[in-house]
Amino acid sequence: MQVLAVMAQQQPAQPEGETSGGVLGVFEWLGTHFIGLFEEAGSQFVELVTGILPTLIVLLTFMYALTTFIGEQRVTRAVEWCGRWWITRYSVMPILALLMLTNPMAYSFGRFLPERYKPAFYDSAVSFVHPVTTFFPYANAGELFVWFGIANGVTQLGESTVPLALRYFLVGILVIFIRGIITEKLTAFMIKRTGRSEVFADFDRQFEQAKAGEKA
C-alpha cells in the first residue's frame with residue numbers, strides 16, 4: 001500500500017484546463033463549450049442592456065412622440081409632397097420612411113407613389129438601412145453589427161466615431177439618390193421594352209382616382 005501511495009504522489013498533476021483523453025475528454029470538451037456558448041451570450045445581453053438598448057428605446061419613443069405631436073395627417077401630406085419630385089422622392093422620402101416607420105415597415109411608404117416609381121423608391125430605402133444606423137440606430141436595430149463593424153477600428157484607436165458616422169450618413173444619402181434615379185430610368189425602359197406602357201398608364205389613372213377619392 002505504501003508503494004502505491006508513493007507512486008500516486010510521483011505522478012504529474014493534470015494541467016489546469018486540460019481535459020481527459022478518449023471519449024470522456026470529448027464529452028468534457030462538449031460540456032465546457034456548450035455552457036460557454038450561453039455564458040458568452042449572457043455577457044453580450046448584459047452589454048446590450050447597459051449600452052445600446054436604452055438609447056434605442058429613448059430614440060424610438062422620441063420619434064413616436066414627435067410623429068404624434070406633429071400629427072399623422074401632416075406627416076402623410078409631407079410624404080406625399082416628397083413623392084411629387086424626383087429630387088426629394090429618392091432622398092428625403094426614404095429618410096423619412098426609415099425614421100418614422102423603421103425597417104422593414106418603411107417600404108410601405110411606397111403606397112404614396114404610382115406603380116412605376118415603387119421599384120426605385122424601394123431601391124433607395126433598402127440602400128439606406130445601414131447608413132441610417134449611424135445616428136438613428138433604432139431605425140434598423142437588427143443590423144447594427146454592420147455599423148459597429150465599420151466603426152470598430154476607429155473605436156480601438158480611441159478616436160471619435162462622429163466624423164466617420166457623418167461621412168457614412170452623407171455618402172449614404174448620395175448613393176440612395178443615384179440608385180433611385182437609375183432604377184427609375186431602368187424601370188421606364190423595361191416598361192417600354194416589354195410593351196406594358198398602357199398597363200402602367202392605367203395604374204397611373206387608378207392612382208390619381210384613388211387620391212381624388214381620398215381628398216373628397
# chains A, B, ... in the order shown; residues from 1 in each chain; ligands from 1

call {"tool": "residues_around", "arguments": {"residues": "His130 of chain A", "least_positions_apart": "6", "cutoff": "8 Å", "atoms": "only C-alpha atoms", "output": "ChimeraX atom specification"}}
result
/A:140,143-144,146-147

call {"tool": "residues_around", "arguments": {"residues": "segment 54-70 of chain A", "least_positions_apart": "6", "cutoff": "7 Å", "atoms": "only C-alpha atoms", "output": "list in words"}}
result
Met100, Pro137 and Tyr138 of chain A

call {"tool": "select_by_dssp", "arguments": {"residues": "segment 39-139 of chain A", "states": "alpha helix (DSSP H)", "output": "ChimeraX atom specification"}}
result
/A:39-50,52-70,72-82,86-89,92-101,118-126

call {"tool": "residues_around", "arguments": {"residues": "Ala125 of chain A", "least_positions_apart": "5", "cutoff": "8 Å", "atoms": "only C-alpha atoms", "output": "list in words"}}
result
Tyr90, Pro94, Ile95, Ala97, Leu98, Ala106, Tyr107 and Ile176 of chain A

call {"tool": "atom_distance", "arguments": {"atom1": "atom CA of Phe109 of chain A", "atom2": "atom CA of Ala165 of chain A"}}
result
25.8 Å

call {"tool": "residues_around", "arguments": {"residues": "Phe121 of chain A", "least_positions_apart": "6", "cutoff": "10 Å", "atoms": "only C-alpha atoms", "output": "list in words"}}
result
Gly83, Trp86, Arg89, Tyr90, Ser91, Met93, Pro94, Tyr107, Phe109, Gly110, Leu113, Ser127, Ile176, Phe177, Arg179, Gly180, Ile181, Thr183 and Glu184 of chain A

call {"tool": "write_last_selection", "arguments": {"atoms": "C-alpha atoms", "output": "PDB file, in the first residue's frame"}}
result
ATOM      1  CA  GLY A  83     -43.148  61.907 -53.712  1.00  0.00           C
ATOM      2  CA  TRP A  86     -37.619  63.055 -58.191  1.00  0.00           C
ATOM      3  CA  ARG A  89     -38.525  61.162 -53.884  1.00  0.00           C
ATOM      4  CA  TYR A  90     -35.166  59.409 -53.592  1.00  0.00           C
ATOM      5  CA  SER A  91     -33.579  61.484 -50.832  1.00  0.00           C
ATOM      6  CA  MET A  93     -38.757  60.376 -48.667  1.00  0.00           C
ATOM      7  CA  PRO A  94     -36.632  57.246 -47.894  1.00  0.00           C
ATOM      8  CA  TYR A 107     -41.198  50.282 -47.532  1.00  0.00           C
ATOM      9  CA  PHE A 109     -44.463  54.420 -47.826  1.00  0.00           C
ATOM     10  CA  GLY A 110     -44.424  53.236 -51.425  1.00  0.00           C
ATOM     11  CA  LEU A 113     -46.329  56.595 -55.194  1.00  0.00           C
ATOM     12  CA  SER A 127     -29.942  51.025 -49.569  1.00  0.00           C
ATOM     13  CA  ILE A 176     -29.631  56.263 -52.498  1.00  0.00           C
ATOM     14  CA  PHE A 177     -30.317  59.308 -54.661  1.00  0.00           C
ATOM     15  CA  ARG A 179     -29.691  54.448 -57.169  1.00  0.00           C
ATOM     16  CA  GLY A 180     -33.218  55.835 -57.164  1.00  0.00           C
ATOM     17  CA  ILE A 181     -32.678  57.815 -60.362  1.00  0.00           C
ATOM     18  CA  THR A 183     -33.687  52.411 -61.051  1.00  0.00           C
ATOM     19  CA  GLU A 184     -36.440  54.784 -62.168  1.00  0.00           C
TER      20      GLU A 184
END

call {"tool": "closest_atom_pairs", "arguments": {"of": "segment 88-127 of chain A", "to": "segment 205-212 of chain A", "cutoff": "10 Å", "atoms": "only C-alpha atoms", "output": "JSON lines"}}
result
{"residue": "A:Arg111", "atom": "CA", "partner": "A:Phe207", "partner_atom": "CA", "distance": 9.4}
{"residue": "A:Phe112", "atom": "CA", "partner": "A:Phe207", "partner_atom": "CA", "distance": 8.9}
{"residue": "A:Leu113", "atom": "CA", "partner": "A:Phe207", "partner_atom": "CA", "distance": 8.1}
{"residue": "A:Pro114", "atom": "CA", "partner": "A:Phe207", "partner_atom": "CA", "distance": 6.1}
{"residue": "A:Glu115", "atom": "CA", "partner": "A:Phe207", "partner_atom": "CA", "distance": 8.3}

call {"tool": "closest_residue", "arguments": {"among": "A:Ile35, A:Val132, A:Leu53, A:Ala120", "to": "Ile173 of chain A", "atoms": "only C-alpha atoms"}}
result
A:Val132

call {"tool": "atom_distance", "arguments": {"atom1": "atom CA of Pro119 of chain A", "atom2": "atom CA of Leu166 of chain A"}}
result
27.4 Å

call {"tool": "closest_residue", "arguments": {"among": "A:Glu72, A:Phe148, A:Phe135, A:Glu40", "to": "Val162 of chain A", "atoms": "only C-alpha atoms"}}
result
A:Phe135

call {"tool": "atom_distance", "arguments": {"atom1": "atom CA of Ile178 of chain A", "atom2": "atom CA of Pro131 of chain A"}}
result
15.0 Å
